[in-house]
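Trainee: The structure file entry01.txt (compact mmCIF, C-alpha atoms and all ligand atoms) is provided below.
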# COMPACT_ATOMS: atom_id res chain seq x y z
CA MET A 1 -3.12 22.65 20.32
CA SER A 2 -2.65 19.33 18.46
CA GLU A 3 -0.80 16.43 20.03
CA ILE A 4 2.96 16.34 19.47
CA LEU A 5 3.91 13.01 17.86
CA LEU A 6 7.58 13.57 17.16
CA SER A 7 9.88 16.02 18.84
CA LEU A 8 13.53 16.89 18.35
CA ASP A 9 15.21 18.66 21.20
CA ASN A 10 18.53 20.49 20.73
CA LEU A 11 20.10 18.02 18.34
CA ASN A 12 23.76 18.47 17.50
CA LYS A 13 25.90 16.46 15.13
CA SER A 14 29.42 17.26 13.92
CA PHE A 15 31.65 15.62 11.34
CA GLY A 16 35.10 16.64 12.54
CA ALA A 17 35.06 20.44 12.66
CA LEU A 18 31.87 20.69 10.57
CA ARG A 19 28.71 21.26 12.60
CA ALA A 20 26.21 19.57 10.32
CA THR A 21 23.34 19.89 12.86
CA GLN A 22 23.34 22.82 15.27
CA ASP A 23 20.90 22.94 18.18
CA VAL A 24 17.94 21.81 16.10
CA SER A 25 14.62 21.65 17.92
CA LEU A 26 11.34 21.08 16.14
CA ASP A 27 8.21 19.02 16.42
CA LEU A 28 5.58 17.27 14.33
CA ARG A 29 1.96 17.51 15.41
CA ALA A 30 -1.13 15.44 14.66
CA GLY A 31 -2.78 16.31 11.34
CA GLU A 32 0.04 18.34 9.84
CA ILE A 33 2.74 18.34 7.23
CA HIS A 34 5.88 19.99 8.56
CA ALA A 35 8.35 20.60 5.74
CA LEU A 36 12.07 20.85 6.22
CA ILE A 37 13.77 22.79 3.47
CA GLY A 38 17.23 24.17 2.88
CA PRO A 39 19.87 24.59 0.19
CA ASN A 40 22.24 21.78 -0.79
CA GLY A 41 24.50 20.81 2.09
CA ALA A 42 22.26 22.50 4.69
CA GLY A 43 22.15 19.32 6.75
CA LYS A 44 18.72 17.87 5.85
CA SER A 45 19.95 14.32 5.23
CA THR A 46 22.07 14.43 8.38
CA LEU A 47 19.01 15.42 10.39
CA ILE A 48 16.82 12.75 8.80
CA GLY A 49 19.56 10.18 9.48
CA GLN A 50 19.43 11.05 13.17
CA ILE A 51 15.64 10.81 13.31
CA ALA A 52 15.53 7.52 11.41
CA GLY A 53 18.37 6.05 13.47
CA ASN A 54 21.12 5.71 10.86
CA LEU A 55 23.16 8.40 12.61
CA ARG A 56 23.62 9.02 16.32
CA PRO A 57 23.41 12.66 17.44
CA ASP A 58 26.31 13.96 19.55
CA THR A 59 23.86 15.59 21.95
CA GLY A 60 20.13 16.18 22.13
CA SER A 61 17.10 13.92 22.12
CA ILE A 62 14.39 12.58 19.83
CA GLN A 63 11.01 11.47 21.14
CA LEU A 64 8.13 9.69 19.43
CA VAL A 65 4.82 9.91 21.27
CA GLY A 66 6.75 10.74 24.43
CA GLN A 67 9.13 7.79 24.13
CA GLU A 68 12.85 8.37 23.95
CA LEU A 69 14.17 7.12 20.59
CA THR A 70 17.65 8.55 20.63
CA SER A 71 19.55 5.35 21.36
CA MET A 72 17.19 2.95 19.55
CA SER A 73 18.04 1.07 16.37
CA VAL A 74 16.34 1.76 13.03
CA ALA A 75 14.17 -1.37 13.46
CA GLN A 76 13.14 -0.47 17.02
CA ARG A 77 12.10 3.01 15.86
CA ALA A 78 10.06 1.49 13.04
CA ARG A 79 8.32 -0.88 15.46
CA LEU A 80 7.53 2.03 17.75
CA GLY A 81 5.77 3.81 14.88
CA LEU A 82 8.31 5.84 12.96
CA GLY A 83 7.59 5.35 9.25
CA ARG A 84 10.03 6.28 6.55
CA SER A 85 10.16 6.31 2.78
CA PHE A 86 13.42 6.62 0.97
CA GLN A 87 15.02 8.86 -1.63
CA VAL A 88 16.48 5.87 -3.45
CA SER A 89 14.04 3.22 -4.65
CA SER A 90 14.21 0.12 -2.49
CA LEU A 91 11.48 -1.88 -4.24
CA ALA A 92 11.95 -5.40 -5.65
CA GLU A 93 11.22 -4.89 -9.37
CA PRO A 94 10.08 -8.38 -10.42
CA LEU A 95 7.66 -8.75 -7.49
CA SER A 96 4.10 -7.47 -7.52
CA VAL A 97 3.11 -4.27 -5.79
CA MET A 98 1.21 -6.26 -3.15
CA ARG A 99 4.13 -8.58 -2.53
CA ASN A 100 6.49 -5.64 -2.00
CA VAL A 101 4.19 -4.11 0.59
CA MET A 102 3.66 -7.49 2.29
CA VAL A 103 7.40 -8.01 2.56
CA ALA A 104 7.66 -4.62 4.28
CA VAL A 105 4.98 -5.66 6.79
CA GLN A 106 6.65 -9.01 7.31
CA ALA A 107 10.00 -7.39 8.04
CA LEU A 108 8.42 -5.25 10.76
CA GLN A 109 6.52 -8.15 12.29
CA GLY A 110 9.85 -9.95 12.59
CA HIS A 111 8.55 -13.05 10.85
CA SER A 112 11.04 -13.16 8.00
CA PHE A 113 11.51 -16.90 8.52
CA ARG A 114 7.93 -18.14 8.36
CA PHE A 115 8.76 -20.70 5.68
CA TRP A 116 5.82 -22.87 6.62
CA LYS A 117 3.20 -20.31 5.62
CA PRO A 118 2.89 -19.11 2.01
CA VAL A 119 3.30 -15.33 2.22
CA ASN A 120 0.65 -14.69 -0.44
CA HIS A 121 -2.07 -16.28 1.73
CA ASP A 122 -1.08 -14.82 5.06
CA ARG A 123 -3.95 -12.55 6.15
CA SER A 124 -1.83 -10.82 8.77
CA LEU A 125 0.31 -9.54 5.87
CA LEU A 126 -2.38 -9.23 3.19
CA GLU A 127 -4.78 -7.07 5.18
CA PRO A 128 -2.43 -4.29 6.27
CA ALA A 129 -0.82 -4.32 2.81
CA TYR A 130 -4.19 -4.00 1.06
CA GLU A 131 -5.24 -1.22 3.42
CA ALA A 132 -2.04 0.72 2.69
CA LEU A 133 -2.57 0.29 -1.06
CA GLU A 134 -6.13 1.57 -0.69
CA ARG A 135 -4.88 4.68 1.07
CA MET A 136 -2.45 5.30 -1.79
CA GLN A 137 -5.13 4.55 -4.44
CA LEU A 138 -3.17 1.63 -5.84
CA THR A 139 -5.39 -1.43 -5.38
CA HIS A 140 -5.95 -1.65 -9.14
CA ARG A 141 -2.19 -2.25 -9.50
CA ALA A 142 -1.90 -4.70 -6.58
CA TRP A 143 -0.79 -7.71 -8.64
CA THR A 144 1.23 -5.81 -11.24
CA PRO A 145 5.01 -6.27 -11.12
CA VAL A 146 6.74 -3.11 -9.87
CA SER A 147 8.83 -3.12 -13.06
CA GLU A 148 5.68 -2.19 -15.04
CA LEU A 149 4.80 0.83 -12.91
CA SER A 150 5.35 4.47 -13.76
CA HIS A 151 7.80 6.46 -11.68
CA GLY A 152 4.92 8.16 -9.85
CA GLU A 153 3.25 4.85 -9.04
CA ARG A 154 6.52 3.52 -7.60
CA ARG A 155 6.65 6.51 -5.29
CA GLN A 156 3.12 5.67 -4.18
CA VAL A 157 4.20 2.07 -3.47
CA GLU A 158 7.15 3.31 -1.41
CA VAL A 159 4.80 5.40 0.71
CA ALA A 160 2.41 2.42 0.95
CA CYS A 161 5.28 0.23 2.28
CA ALA A 162 5.85 2.77 5.05
CA LEU A 163 2.10 3.08 5.73
CA ALA A 164 1.55 -0.66 5.99
CA LEU A 165 3.66 -0.61 9.13
CA LYS A 166 1.00 1.64 10.71
CA PRO A 167 3.30 4.49 11.63
CA ARG A 168 2.40 7.23 14.11
CA ALA A 169 4.62 9.68 12.22
CA LEU A 170 6.02 9.54 8.69
CA LEU A 171 9.32 10.84 7.32
CA LEU A 172 9.24 11.43 3.58
CA ASP A 173 12.55 12.20 1.95
CA GLU A 174 12.02 13.94 -1.39
CA PRO A 175 8.93 12.00 -2.47
CA MET A 176 8.44 14.29 -5.48
CA ALA A 177 11.95 13.75 -6.88
CA GLY A 178 11.84 12.80 -10.55
CA LEU A 179 8.06 13.15 -10.85
CA GLY A 180 6.60 15.22 -13.66
CA PRO A 181 3.97 17.90 -12.94
CA GLU A 182 1.14 15.36 -13.20
CA GLY A 183 2.76 12.80 -10.88
CA SER A 184 3.70 15.50 -8.44
CA ALA A 185 0.15 16.92 -8.40
CA HIS A 186 -1.32 13.46 -7.80
CA LEU A 187 1.07 12.66 -4.93
CA THR A 188 0.41 16.11 -3.44
CA GLU A 189 -3.31 15.31 -3.37
CA LEU A 190 -2.69 11.94 -1.72
CA LEU A 191 -0.43 13.46 0.94
CA GLU A 192 -2.99 16.15 1.71
CA THR A 193 -5.43 13.41 2.72
CA LEU A 194 -2.85 11.17 4.34
CA LYS A 195 -1.59 13.80 6.78
CA LEU A 196 -4.95 13.74 8.54
CA GLU A 197 -4.22 10.16 9.59
CA VAL A 198 -0.45 10.28 9.91
CA PRO A 199 1.49 13.52 10.29
CA ILE A 200 4.36 13.92 7.84
CA LEU A 201 7.82 15.41 8.21
CA LEU A 202 8.59 16.25 4.60
CA ILE A 203 12.01 16.90 3.10
CA GLU A 204 11.38 18.24 -0.38
CA HIS A 205 13.11 20.30 -3.05
CA ASP A 206 9.94 20.95 -5.06
CA MET A 207 9.06 24.34 -3.58
CA GLU A 208 5.68 24.50 -5.27
CA ALA A 209 4.70 21.27 -3.52
CA VAL A 210 6.15 22.48 -0.21
CA PHE A 211 4.28 25.79 -0.27
CA ARG A 212 1.07 24.05 -1.23
CA LEU A 213 1.30 21.16 1.22
CA ALA A 214 3.10 22.32 4.33
CA ASP A 215 1.25 23.61 7.35
CA ARG A 216 4.59 24.65 8.81
CA ILE A 217 8.04 25.00 7.29
CA SER A 218 11.43 24.96 9.01
CA VAL A 219 14.36 26.31 7.03
CA LEU A 220 17.74 24.76 7.65
CA VAL A 221 20.91 26.63 6.68
CA ALA A 222 24.41 25.43 7.66
CA GLY A 223 22.91 22.93 10.09
CA ALA A 224 20.73 25.41 12.01
CA VAL A 225 17.04 26.31 11.75
CA ILE A 226 17.08 29.96 10.63
CA ALA A 227 13.32 30.39 10.16
CA HIS A 228 10.11 28.65 11.03
CA GLY A 229 6.49 29.41 10.14
CA ASP A 230 3.69 28.89 7.66
CA SER A 231 4.15 29.19 3.88
CA ALA A 232 3.32 32.91 3.76
CA THR A 233 5.76 33.72 6.56
CA ILE A 234 8.56 31.70 4.98
CA ARG A 235 8.01 33.15 1.50
CA GLN A 236 8.41 36.66 2.90
CA ASP A 237 11.26 36.07 5.33
CA PRO A 238 14.26 38.03 3.98
CA ARG A 239 16.78 35.62 5.56
CA VAL A 240 15.14 32.72 3.76
CA ARG A 241 15.01 34.56 0.46
CA GLU A 242 18.66 35.42 0.77
CA ALA A 243 19.83 32.00 1.95
CA TYR A 244 17.58 29.68 0.07
CA LEU A 245 15.53 31.18 -2.68
CA GLY A 246 18.42 33.31 -3.98
CA ASP A 247 16.08 36.23 -4.40
N1 LIG A 301 29.43 11.26 6.82
C1 LIG A 301 29.85 12.51 6.65
N2 LIG A 301 31.13 12.86 6.89
C2 LIG A 301 31.55 14.13 6.74
N3 LIG A 301 30.76 15.14 6.34
C3 LIG A 301 29.48 14.86 6.07
C4 LIG A 301 28.95 13.54 6.20
N4 LIG A 301 27.63 13.58 5.86
C5 LIG A 301 27.36 14.85 5.54
N5 LIG A 301 28.46 15.63 5.66
C6 LIG A 301 28.53 17.08 5.44
O1 LIG A 301 27.54 17.65 6.27
C7 LIG A 301 26.92 18.75 5.60
C8 LIG A 301 25.42 18.50 5.51
O2 LIG A 301 25.19 17.47 4.56
P1 LIG A 301 23.74 16.87 4.26
O3 LIG A 301 23.92 15.79 3.25
O4 LIG A 301 23.09 16.53 5.53
O5 LIG A 301 23.01 18.11 3.60
P2 LIG A 301 21.65 18.15 2.76
O6 LIG A 301 20.92 19.36 3.19
O7 LIG A 301 20.94 16.86 2.88
O8 LIG A 301 22.18 18.34 1.28
P3 LIG A 301 21.47 17.92 -0.12
O9 LIG A 301 20.26 18.77 -0.27
O10 LIG A 301 22.54 18.27 -1.12
O11 LIG A 301 21.19 16.45 -0.05
C9 LIG A 301 27.59 18.87 4.24
O12 LIG A 301 28.61 19.85 4.35
C10 LIG A 301 28.19 17.50 4.02
O13 LIG A 301 29.33 17.57 3.21
Reformat the file's structure so that it appears as structure tokens.
Ligand SMILES: Nc1ncnc2c1ncn2[C@@H]1O[C@H](COP(=O)(O)OP(=O)(O)OP(=O)(O)O)[C@@H](O)[C@H]1O

Mentor:
Amino acid sequence: MSEILLSLDNLNKSFGALRATQDVSLDLRAGEIHALIGPNGAGKSTLIGQIAGNLRPDTGSIQLVGQELTSMSVAQRARLGLGRSFQVSSLAEPLSVMRNVMVAVQALQGHSFRFWKPVNHDRSLLEPAYEALERMQLTHRAWTPVSELSHGERRQVEVACALALKPRALLLDEPMAGLGPEGSAHLTELLETLKLEVPILLIEHDMEAVFRLADRISVLVAGAVIAHGDSATIRQDPRVREAYLGD
């Protein structure tokens, strides 16, 4: 069985009387895409918040490569190897693609105040940034301002920013949002290759992409995992069809 990179053990999180996460346990293994799906309000963002470190679970634990993350800050988790791309674009529009990725690397290295060294010539930033752009097939756009990129290319840059930090596991929150069929197909192809290097926990509304990409799917309803399995199992599960697919 493949190595477990990320594991969630009995996570619980309530907002007042609302149990937004209920006894959630799941893991992410080397070489896979594990998708987390669920209808609106199912608790996906709340769960991602706990994994990324923006929210503290009430009980339960989160481990990355066997290390306890639960009480670590967002930055500590990132340094330990938890990569994350965001639903809302966080790129600096006027800056080049390369510069955006280098800034992401710089933030992780904790050298935000290296005034004495021009960022554009710093090999310790350039090399990981270039490598990440290569993996997202974006080197031809390296010196283009982000403002000139298509929506799909911006999504690729966002993933590249996360990759440049050399994560052991990657959280992708709705990477297909707003992409047309072509952009979505291209990103799907890239993620299929990427997962072999970095396993991906994928939150995604685009069901076609989920069924095509995911090795395993966990279905969240009212904060709890109601089903878990491969695409074929999830498609046929009557509880999932009733709760999520509305069929
Ligand atoms: N900070 C908060 N305070 C109170 N309730 C919250 C808070 N954050 C989320 N909730 C509630 O927790 C439940 C789960 O919300 P969450 O945003 O995690 O769901 P989701 O699956 O990500 O939904 P969507 O697909 O619409 O983004 C919802 O009922 C929501 O209203």

Trainee: Please identify all polymer residues within 12 Å of A:Gln67, counting all atoms listed in the file, omitting same-chain residues fewer than 5 positions from it, and present them as a list in words.

Mentor: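 Contacts, in chain order: Ile4, Leu5, Leu6, Ser7, Leu8, Ser61, Ile62, Met72, Gln76, Arg77, Leu80, Gly81 and Leu82 of chain A.
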
Trainee: Keeping C-alpha atoms for every residue in the selection just given, could you write it to a file as a CSV table (one decimal), in the frame of the given file?

Mentor:
chain,number,residue,atom,x,y,z
A,4,ILE,CA,3.0,16.3,19.5
A,5,LEU,CA,3.9,13.0,17.9
A,6,LEU,CA,7.6,13.6,17.2
A,7,SER,CA,9.9,16.0,18.8
A,8,LEU,CA,13.5,16.9,18.4
A,61,SER,CA,17.1,13.9,22.1
A,62,ILE,CA,14.4,12.6,19.8
A,72,MET,CA,17.2,3.0,19.6
A,76,GLN,CA,13.1,-0.5,17.0
A,77,ARG,CA,12.1,3.0,15.9
A,80,LEU,CA,7.5,2.0,17.8
A,81,GLY,CA,5.8,3.8,14.9
A,82,LEU,CA,8.3,5.8,13.0

Trainee: What's the separation between atom CA of A:Thr46 and atom CA of A:Cys161, in Å to one decimal place?

Mentor: 22.8 Å

Trainee: Please return as JSON, numbers by chain the residues found within 6 Å of ligand LIG 301 (chain A), counting all atoms listed in the file.

Mentor: {"A": [15, 20, 39, 40, 41, 42, 43, 44, 45, 46]}

Trainee: Let me make sure I understand: among A:Ala35, A:Leu172, A:Leu69, A:Leu47, which one has the smallest atom-to-atom distance to A:Ala222 if we use all atoms listed in the file?

Mentor: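 The answer is A:Leu47, which sits nearest to A:Ala222.
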
Trainee: Between A:Leu220, A:Val240, A:Val159, A:Ala232, which residue has the minimum interatomic distance to A:Ser25, considering only C-alpha atoms?

Mentor: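 Nearest candidate to A:Ser25 out of A:Leu220, A:Val240, A:Val159, A:Ala232: A:Leu220.
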
Trainee: For the atom pair atom CA of A:Met136 and atom CA of A:Glu182, what is the interatomic distance in Å to one decimal place?

Mentor: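 It comes out at 15.6 Å.
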